[in-house]
Amino acid sequence: MQYRYKIAGGDFSNAGSVASSVKKILRQLNIGHSVSKRIVIALYEGEVNIVAHAYSGIADVEIDSEKIRILLTDKGPGIPDIPKAMEEGFSTASPQVREMGFGAGMGLSNMRKNSDIMNITSENGKGTVVELINYFGTDAR
Amino acid sequence: MPDKNQNTEFHHALKVDEDICTGCTHCMTVCPTRAIRVSAGTASIIANRCVDCGECYRACPVSAISVEQNDLDIIFRYPVRVILIPGVLIGQLSHKIPVSRIYGALGDLGFTHVYQVENTVDMVLEAYSEFKEKNEIRPLISSFCPAIVRLIQVRFPGLVDNIIRVNPPIDMSALYYLEKLKSTGIRKEDIGLFYATPCAAKIAALKSPVGETESVVTGVINMNFLYNLIQKSIQNSEASSSMPVTDDLLNSRGILWSLTRGESVHSSKRALAVDGIRNVTELLENLENDRLGYVDFLELRACDEGCAGGILMTGNRFLTVERLRKMAADLSEKDREEQKKIMDGFINLKEHSFLGNIEPRNIEKLDENTSLAMKKMNRKRRLMCFLPGFDCAACGAPDCQTLAEDIVQGHAKISNCIFLQQQMVNQNLLSSDLAYRITEKIWGTDRLEKNCNKIGAEDENS
């Protein structure tokens, strides 16, 4: 089962709408709360990253009976130093973005914490691709 | 059309009168849990989805939805007839009518004892503190509004553990006064405990409680019914002939408890008070997505202005709040510890303060089994390619997505959609005769006949 969502860069008022939609789908599929909560948090952080840093992005969501795989592909500046970006508290967000309550530098580490598998590839000046995989385990009935 | 009798274990106080209902869809489109469908020209409520919030009751233009209640005559089966009244009963009457006159009117109706439901809020507050100490989960969500507790069970199943498992004041007061009367030598079977309810949800909560505590309340009297009787009694005579027994335990905390911020105001840490079921739903969505930041306590109520806006309230909710706030300001602030001593003198209700587990009941799942749910989801998405997405509700479901889900679950047919029906007739896949009969099945026979008695037509009021 596949879903595709567009994410607009800079549109903070809509950040989180993809996570909300996916949450509803997981509920319809009877995926337990503890699993879906992690997915929703990781996806939300990914969405905010695109909104805050990129020009535009796409979330591709793929669900089968065992797992959910989310591919976040954006057009943007890319991440020059991924290990550095993964550190808690490290942020390149502008002061304006921080003022809105985003950009605390917890995004990527939070995504890692809340996913079973996370892969990042990035090309300077072009964009970033984040892959998130979560297994339903015994939470799928 | 889902079976309206499915899951009869959930008691609901809201009933549709099929003789009055015109099948107009107003109730169906406002229902926050998509619990209503129209078939054969009348609305029906799906029991396991309904949370008794009463939005349908408010929306119905012909008053076809009623709230069940006990016959007032049943109170006379009991020598001791206690009425437990929430503060909003007094608040909705004119401030020119003294509280004692209202008590007198209740005495004239046959009640021997009148007590205010919120007399026990200090016990509830104490139980809150204890629960907060023993449980780390935050935010804790108030268990006061039964419609909200049920909304969380069915729409936010992941948040049931956040509900503070403490009995609300009505249960505590019922227990307290039962014990107090028993301690004066009255036999339990001689005591009838009646509750004047401002809403349907409280009735459902008393009749099929969540959290395994059986209520000691004998019966329920609807507030709008009582309001008329009280007004009549006051209009007919200057003074009442029979003054019931009462006590002097009410304090300002109790008076304000059922109003918005009545609970949250007692929280020393960050607490939010939200009223209106749509506002509450939005907030719970945010909480589920972890977007609220640290909050210690959430006071959530289904009705605007809390119980002052209950569906069975007659007075204007803002005037009700105004009177109660004035009353609270005038009441001398009774010392909480002092009050507790008086009440504990009779009985310590501590062990009765807490509720058992509250079970999640996810109503959105398409199937218990995830693989089957995925198959149904795929079918639903495919159906949505064909359904128009207008959400016109003419199929008897509140919106296209719900129709698609009902079809996938085998409760509805694709030809229920009037637009697809047109197309099928056009392509000779359906005879116009059959299409007409399908429409009649949803909207009832004669529905398309001329009828001048409907609202806005020539003979509207006759």
# chains A, B, ... in the order shown; residues from 1 in each chain; ligands from 1

call {"tool": "closest_atom_pairs", "arguments": {"of": "chain A", "to": "chain B", "cutoff": "7 Å", "atoms": "only C-alpha atoms", "output": "JSON lines"}}
result
{"residue": "A:Arg27", "atom": "CA", "partner": "B:Lys365", "partner_atom": "CA", "distance": 5.9}
{"residue": "A:Gln28", "atom": "CA", "partner": "B:Lys365", "partner_atom": "CA", "distance": 3.8}
{"residue": "A:Leu29", "atom": "CA", "partner": "B:Ala373", "partner_atom": "CA", "distance": 5.1}
{"residue": "A:Asn30", "atom": "CA", "partner": "B:Lys365", "partner_atom": "CA", "distance": 5.1}
{"residue": "A:His33", "atom": "CA", "partner": "B:Gly158", "partner_atom": "CA", "distance": 5.2}
{"residue": "A:Val40", "atom": "CA", "partner": "B:Asn289", "partner_atom": "CA", "distance": 6.6}
{"residue": "A:Ile41", "atom": "CA", "partner": "B:Asn289", "partner_atom": "CA", "distance": 6.5}
{"residue": "A:Ser65", "atom": "CA", "partner": "B:Ser371", "partner_atom": "CA", "distance": 5.5}
{"residue": "A:Ala140", "atom": "CA", "partner": "B:Thr370", "partner_atom": "CA", "distance": 5.7}
{"residue": "A:Arg141", "atom": "CA", "partner": "B:Asn369", "partner_atom": "CA", "distance": 4.8}

call {"tool": "atom_distance", "arguments": {"atom1": "CA of Met123 in chain B", "atom2": "CA of Leu250 in chain B"}}
result
12.6 Å

call {"tool": "closest_residue", "arguments": {"among": "B:Arg253, B:Lys182, B:Lys413, B:Arg58", "to": "Ile311 in chain B", "atoms": "only C-alpha atoms"}}
result
B:Arg58

call {"tool": "atom_distance", "arguments": {"atom1": "CA of Val149 in chain B", "atom2": "CA of Ala205 in chain B"}}
result
9.6 Å

call {"tool": "residues_around", "arguments": {"residues": "Gln421 in chain B", "least_positions_apart": "6", "cutoff": "8 Å", "atoms": "only C-alpha atoms", "output": "PyMOL selection string"}}
result
chain B and resi 415+430+435

call {"tool": "residues_around", "arguments": {"residues": "range 46-51 of chain A", "least_positions_apart": "5", "cutoff": "9 Å", "atoms": "only C-alpha atoms", "output": "list of chain:residue names"}}
result
A:Ile7, A:Ala8, A:Gly9, A:Gly10, A:Asp11, A:Phe12, A:Asn14, A:Ala15, A:Gly16, A:Ser17, A:Val18, A:Ala19, A:Ile41, A:Ser56, A:Gly57, A:Ile58, A:Ala59, A:Leu72, A:Thr73, A:Asp74, A:Lys75, A:Gly76, A:Phe102, A:Gly103, A:Gly107, A:Leu108, A:Met111, A:Val130

call {"tool": "write_last_selection", "arguments": {"atoms": "C-alpha atoms", "output": "mmCIF file, in the first residue's frame"}}
result
data_model
loop_
_atom_site.group_PDB
_atom_site.id
_atom_site.type_symbol
_atom_site.label_atom_id
_atom_site.label_comp_id
_atom_site.auth_asym_id
_atom_site.auth_seq_id
_atom_site.Cartn_x
_atom_site.Cartn_y
_atom_site.Cartn_z
ATOM 1 C CA ILE A 7 5.473 18.965 1.653
ATOM 2 C CA ALA A 8 5.958 22.694 0.997
ATOM 3 C CA GLY A 9 9.125 24.364 2.285
ATOM 4 C CA GLY A 10 8.516 27.214 4.719
ATOM 5 C CA ASP A 11 4.878 26.303 5.395
ATOM 6 C CA PHE A 12 5.057 25.829 9.158
ATOM 7 C CA ASN A 14 0.925 22.777 7.743
ATOM 8 C CA ALA A 15 3.852 20.935 9.312
ATOM 9 C CA GLY A 16 2.477 17.761 10.851
ATOM 10 C CA SER A 17 -0.361 17.135 8.422
ATOM 11 C CA VAL A 18 1.399 14.152 6.842
ATOM 12 C CA ALA A 19 2.073 12.655 10.275
ATOM 13 C CA ILE A 41 6.904 11.321 16.047
ATOM 14 C CA SER A 56 10.016 21.374 -1.227
ATOM 15 C CA GLY A 57 9.759 17.711 -0.436
ATOM 16 C CA ILE A 58 7.839 14.493 -0.875
ATOM 17 C CA ALA A 59 6.927 11.835 1.647
ATOM 18 C CA LEU A 72 11.438 11.698 2.726
ATOM 19 C CA THR A 73 12.973 13.265 -0.368
ATOM 20 C CA ASP A 74 13.620 16.993 -0.481
ATOM 21 C CA LYS A 75 15.055 19.623 -2.749
ATOM 22 C CA GLY A 76 17.176 21.849 -0.581
ATOM 23 C CA PHE A 102 11.345 24.829 15.948
ATOM 24 C CA GLY A 103 15.046 24.204 15.306
ATOM 25 C CA GLY A 107 15.054 16.545 14.959
ATOM 26 C CA LEU A 108 17.391 13.933 13.498
ATOM 27 C CA MET A 111 13.961 10.467 14.309
ATOM 28 C CA VAL A 130 15.834 10.121 4.643
#

call {"tool": "select_by_dssp", "arguments": {"residues": "chain A", "states": "strand (DSSP E or B)", "output": "PyMOL selection string"}}
result
chain A and resi 2-8+56-63+67-75+117-123+127-135

call {"tool": "closest_residue", "arguments": {"among": "B:Glu305, B:Asp296, B:Asp108, B:Asp391", "to": "Gly276 in chain B", "atoms": "only C-alpha atoms"}}
result
B:Glu305

call {"tool": "select_by_dssp", "arguments": {"residues": "range 164-346 of chain B", "states": "alpha helix (DSSP H)", "output": "PyMOL selection string"}}
result
chain B and resi 169-182+200-207+223-236+252-257+277-288+317-330+336-346

call {"tool": "residues_around", "arguments": {"residues": "Glu62 in chain A", "least_positions_apart": "4", "cutoff": "12 Å", "atoms": "only C-alpha atoms", "output": "PyMOL selection string"}}
result
(chain A and resi 1-5+22+25-26+66-72+131-135) or (chain B and resi 374)

call {"tool": "write_last_selection", "arguments": {"atoms": "C-alpha atoms", "output": "JSON list (two decimals), in the first residue's frame"}}
result
[["chain", "number", "residue", "atom", "x", "y", "z"],
["A", 1, "MET", "CA", 0.00, 0.00, 0.00],
["A", 2, "GLN", "CA", 1.49, 3.30, -1.05],
["A", 3, "TYR", "CA", 0.77, 6.90, -0.22],
["A", 4, "ARG", "CA", 2.48, 10.03, -1.47],
["A", 5, "TYR", "CA", 2.33, 13.45, 0.18],
["A", 22, "VAL", "CA", -0.44, 8.48, 8.52],
["A", 25, "ILE", "CA", -4.21, 5.14, 8.42],
["A", 26, "LEU", "CA", -2.36, 3.14, 11.08],
["A", 66, "GLU", "CA", 5.00, -6.23, 8.66],
["A", 67, "LYS", "CA", 6.38, -2.73, 8.42],
["A", 68, "ILE", "CA", 6.08, 0.85, 7.34],
["A", 69, "ARG", "CA", 8.78, 2.45, 5.19],
["A", 70, "ILE", "CA", 8.85, 6.21, 4.78],
["A", 71, "LEU", "CA", 11.04, 7.95, 2.24],
["A", 72, "LEU", "CA", 11.44, 11.70, 2.73],
["A", 131, "GLU", "CA", 14.58, 6.56, 4.84],
["A", 132, "LEU", "CA", 12.69, 5.48, 7.95],
["A", 133, "ILE", "CA", 11.61, 1.90, 8.59],
["A", 134, "ASN", "CA", 9.53, 0.71, 11.53],
["A", 135, "TYR", "CA", 8.41, -2.86, 12.10],
["B", 374, "MET", "CA", -5.04, -3.52, 4.55]]

call {"tool": "residues_around", "arguments": {"residues": "Ile82 in chain A", "least_positions_apart": "4", "cutoff": "10 Å", "atoms": "only C-alpha atoms", "output": "PyMOL selection string"}}
result
chain A and resi 78+86-87+108+120-122

call {"tool": "write_last_selection", "arguments": {"atoms": "N, CA and C atoms", "output": "mmCIF file, in the first residue's frame"}}
result
data_model
loop_
_atom_site.group_PDB
_atom_site.id
_atom_site.type_symbol
_atom_site.label_atom_id
_atom_site.label_comp_id
_atom_site.auth_asym_id
_atom_site.auth_seq_id
_atom_site.Cartn_x
_atom_site.Cartn_y
_atom_site.Cartn_z
ATOM 1 N N GLY A 78 20.768 20.448 1.373
ATOM 2 C CA GLY A 78 21.499 19.241 1.750
ATOM 3 C C GLY A 78 22.139 19.397 3.119
ATOM 4 N N MET A 86 23.458 14.852 13.313
ATOM 5 C CA MET A 86 22.777 13.868 14.147
ATOM 6 C C MET A 86 22.935 14.161 15.637
ATOM 7 N N GLU A 87 23.931 15.001 15.991
ATOM 8 C CA GLU A 87 24.178 15.295 17.401
ATOM 9 C C GLU A 87 23.002 16.072 17.994
ATOM 10 N N LEU A 108 16.838 15.178 14.032
ATOM 11 C CA LEU A 108 17.391 13.933 13.498
ATOM 12 C C LEU A 108 17.603 12.880 14.587
ATOM 13 N N ILE A 120 20.318 8.126 5.951
ATOM 14 C CA ILE A 120 20.301 9.466 5.360
ATOM 15 C C ILE A 120 21.349 9.538 4.258
ATOM 16 N N THR A 121 20.949 10.078 3.116
ATOM 17 C CA THR A 121 21.930 10.430 2.096
ATOM 18 C C THR A 121 21.656 11.865 1.708
ATOM 19 N N SER A 122 22.712 12.599 1.405
ATOM 20 C CA SER A 122 22.510 14.008 1.112
ATOM 21 C C SER A 122 23.529 14.480 0.096
#

call {"tool": "atom_distance", "arguments": {"atom1": "CA of Leu324 in chain B", "atom2": "CA of Gly91 in chain B"}}
result
5.3 Å

call {"tool": "residues_around", "arguments": {"residues": "Ile221 in chain B", "least_positions_apart": "6", "cutoff": "9 Å", "atoms": "only C-alpha atoms", "output": "tab-separated table (two decimals) with N, CA and C atoms, in the first residue's frame"}}
result
chain	number	residue	atom	x	y	z
B	69	GLN	N	-35.36	9.10	30.45
B	69	GLN	CA	-35.28	9.39	31.87
B	69	GLN	C	-36.24	8.51	32.64
B	70	ASN	N	-36.08	8.52	33.96
B	70	ASN	CA	-37.01	7.76	34.79
B	70	ASN	C	-38.25	8.61	35.01
B	71	ASP	N	-39.37	7.93	35.16
B	71	ASP	CA	-40.62	8.59	35.47
B	71	ASP	C	-40.51	9.16	36.88
B	72	LEU	N	-40.96	10.40	37.07
B	72	LEU	CA	-40.84	11.03	38.39
B	72	LEU	C	-41.57	10.23	39.47
B	83	ILE	N	-32.66	14.05	46.15
B	83	ILE	CA	-32.27	14.55	44.83
B	83	ILE	C	-30.89	15.19	44.94
B	194	PHE	N	-31.63	10.14	43.58
B	194	PHE	CA	-31.90	10.57	42.20
B	194	PHE	C	-30.96	11.71	41.81
B	195	TYR	N	-30.61	11.70	40.55
B	195	TYR	CA	-29.65	12.70	40.05
B	195	TYR	C	-30.32	13.55	38.98
B	196	ALA	N	-30.23	14.86	39.15
B	196	ALA	CA	-30.75	15.78	38.13
B	196	ALA	C	-29.64	16.01	37.11
B	197	THR	N	-29.80	15.46	35.94
B	197	THR	CA	-28.68	15.48	34.98
B	197	THR	C	-28.78	16.60	33.95

call {"tool": "decode", "arguments": {"residues": "range 80-225 of chain B", "atoms": "C-alpha atoms", "output": "short mmCIF file (atom, residue, chain, number, x, y, z; two decimals), in the first residue's frame"}}
result
data_model
loop_
_atom_site.label_atom_id
_atom_site.label_comp_id
_atom_site.auth_asym_id
_atom_site.auth_seq_id
_atom_site.Cartn_x
_atom_site.Cartn_y
_atom_site.Cartn_z
CA VAL B 80 -36.49 8.73 51.71
CA ARG B 81 -36.25 10.54 48.39
CA VAL B 82 -32.93 12.25 47.78
CA ILE B 83 -32.27 14.55 44.83
CA LEU B 84 -28.65 15.30 44.00
CA ILE B 85 -28.50 18.54 42.07
CA PRO B 86 -25.51 19.95 40.23
CA GLY B 87 -24.78 23.64 40.81
CA VAL B 88 -25.86 24.51 37.27
CA LEU B 89 -29.48 23.74 38.20
CA ILE B 90 -29.46 26.77 40.48
CA GLY B 91 -27.29 28.79 38.10
CA GLN B 92 -29.77 28.57 35.25
CA LEU B 93 -32.63 30.06 37.30
CA SER B 94 -32.99 33.81 37.80
CA HIS B 95 -30.84 35.24 40.58
CA LYS B 96 -34.06 36.72 41.98
CA ILE B 97 -35.13 33.23 43.04
CA PRO B 98 -33.34 32.40 46.29
CA VAL B 99 -31.66 29.02 46.60
CA SER B 100 -33.97 28.13 49.50
CA ARG B 101 -37.01 28.67 47.25
CA ILE B 102 -35.51 26.28 44.68
CA TYR B 103 -34.97 23.68 47.41
CA GLY B 104 -38.56 24.30 48.50
CA ALA B 105 -39.82 23.68 44.99
CA LEU B 106 -37.95 20.36 44.96
CA GLY B 107 -39.61 19.56 48.29
CA ASP B 108 -43.00 20.30 46.76
CA LEU B 109 -42.20 17.81 44.00
CA GLY B 110 -41.79 15.13 46.65
CA PHE B 111 -38.09 15.07 47.48
CA THR B 112 -37.29 14.72 51.17
CA HIS B 113 -33.59 15.58 50.92
CA VAL B 114 -31.73 17.96 48.57
CA TYR B 115 -27.93 17.87 48.30
CA GLN B 116 -25.56 19.45 45.84
CA VAL B 117 -23.50 17.08 43.74
CA GLU B 118 -20.38 19.19 44.08
CA ASN B 119 -20.32 19.00 47.88
CA THR B 120 -17.67 16.31 47.62
CA VAL B 121 -15.19 18.05 45.30
CA ASP B 122 -12.61 18.34 48.07
CA MET B 123 -12.56 14.55 48.32
CA VAL B 124 -12.08 14.42 44.55
CA LEU B 125 -9.25 16.94 44.74
CA GLU B 126 -7.57 14.87 47.41
CA ALA B 127 -7.89 11.74 45.27
CA TYR B 128 -6.43 13.70 42.32
CA SER B 129 -3.33 14.54 44.38
CA GLU B 130 -2.90 10.96 45.44
CA PHE B 131 -3.30 9.67 41.88
CA LYS B 132 -0.81 12.24 40.57
CA GLU B 133 1.72 11.14 43.15
CA LYS B 134 1.36 7.47 42.31
CA ASN B 135 1.27 7.79 38.51
CA GLU B 136 3.97 9.32 36.38
CA ILE B 137 2.04 9.59 33.14
CA ARG B 138 1.31 13.16 31.99
CA PRO B 139 -0.77 14.99 31.10
CA LEU B 140 -3.51 13.49 33.18
CA ILE B 141 -6.93 13.99 31.66
CA SER B 142 -9.95 14.68 33.86
CA SER B 143 -12.49 11.86 34.15
CA PHE B 144 -15.27 14.35 34.91
CA CYS B 145 -17.02 14.49 31.52
CA PRO B 146 -18.23 11.01 30.52
CA ALA B 147 -18.62 12.01 26.86
CA ILE B 148 -14.92 12.86 26.78
CA VAL B 149 -13.92 9.61 28.50
CA ARG B 150 -15.84 7.72 25.82
CA LEU B 151 -14.47 9.92 23.02
CA ILE B 152 -10.95 9.03 24.15
CA GLN B 153 -11.81 5.33 24.30
CA VAL B 154 -13.10 5.19 20.73
CA ARG B 155 -11.14 7.88 18.86
CA PHE B 156 -7.94 8.25 20.86
CA PRO B 157 -7.44 4.71 22.20
CA GLY B 158 -3.74 5.42 22.78
CA LEU B 159 -4.63 8.05 25.37
CA VAL B 160 -6.85 6.00 27.71
CA ASP B 161 -3.96 5.60 30.16
CA ASN B 162 -3.84 9.38 30.53
CA ILE B 163 -7.33 9.52 32.03
CA ILE B 164 -7.16 10.16 35.76
CA ARG B 165 -8.92 7.18 37.30
CA VAL B 166 -10.77 9.07 40.00
CA ASN B 167 -14.53 8.97 40.51
CA PRO B 168 -16.25 12.25 39.58
CA PRO B 169 -18.23 14.19 42.25
CA ILE B 170 -21.60 12.62 41.39
CA ASP B 171 -20.39 9.13 42.31
CA MET B 172 -18.62 10.37 45.44
CA SER B 173 -21.65 12.37 46.58
CA ALA B 174 -24.05 9.52 45.94
CA LEU B 175 -21.88 7.24 48.08
CA TYR B 176 -21.36 9.87 50.74
CA TYR B 177 -25.03 10.71 51.22
CA LEU B 178 -26.07 7.07 51.09
CA GLU B 179 -23.63 6.29 53.91
CA LYS B 180 -24.57 9.41 55.83
CA LEU B 181 -28.29 8.56 55.73
CA LYS B 182 -27.60 4.95 56.62
CA SER B 183 -25.64 6.12 59.63
CA THR B 184 -28.82 7.77 60.97
CA GLY B 185 -30.52 4.39 61.01
CA ILE B 186 -32.34 4.51 57.66
CA ARG B 187 -32.32 1.23 55.77
CA LYS B 188 -30.57 1.24 52.38
CA GLU B 189 -33.65 -0.11 50.56
CA ASP B 190 -35.69 2.83 51.85
CA ILE B 191 -33.38 5.37 50.22
CA GLY B 192 -33.92 6.50 46.63
CA LEU B 193 -31.00 8.53 45.25
CA PHE B 194 -31.90 10.57 42.20
CA TYR B 195 -29.65 12.70 40.05
CA ALA B 196 -30.75 15.78 38.13
CA THR B 197 -28.68 15.48 34.98
CA PRO B 198 -27.63 18.28 32.64
CA CYS B 199 -26.77 15.88 29.80
CA ALA B 200 -27.17 12.45 28.23
CA ALA B 201 -23.59 11.39 28.83
CA LYS B 202 -24.03 11.39 32.62
CA ILE B 203 -26.99 9.05 32.25
CA ALA B 204 -25.01 6.66 30.09
CA ALA B 205 -22.16 6.85 32.59
CA LEU B 206 -24.42 5.91 35.49
CA LYS B 207 -26.13 3.09 33.60
CA SER B 208 -23.07 1.54 31.98
CA PRO B 209 -20.10 2.86 33.91
CA VAL B 210 -16.56 2.79 32.51
CA GLY B 211 -13.96 1.56 34.96
CA GLU B 212 -16.05 -1.11 36.71
CA THR B 213 -17.64 0.86 39.51
CA GLU B 214 -21.34 0.32 39.83
CA SER B 215 -23.26 3.45 40.66
CA VAL B 216 -25.44 3.66 43.74
CA VAL B 217 -27.69 6.24 42.04
CA THR B 218 -31.26 4.89 41.83
CA GLY B 219 -32.52 6.98 38.93
CA VAL B 220 -32.05 10.04 36.79
CA ILE B 221 -34.30 13.06 36.27
CA ASN B 222 -33.60 15.22 33.25
CA MET B 223 -32.78 18.83 34.00
CA ASN B 224 -35.11 20.34 31.37
CA PHE B 225 -38.04 18.37 32.81
#
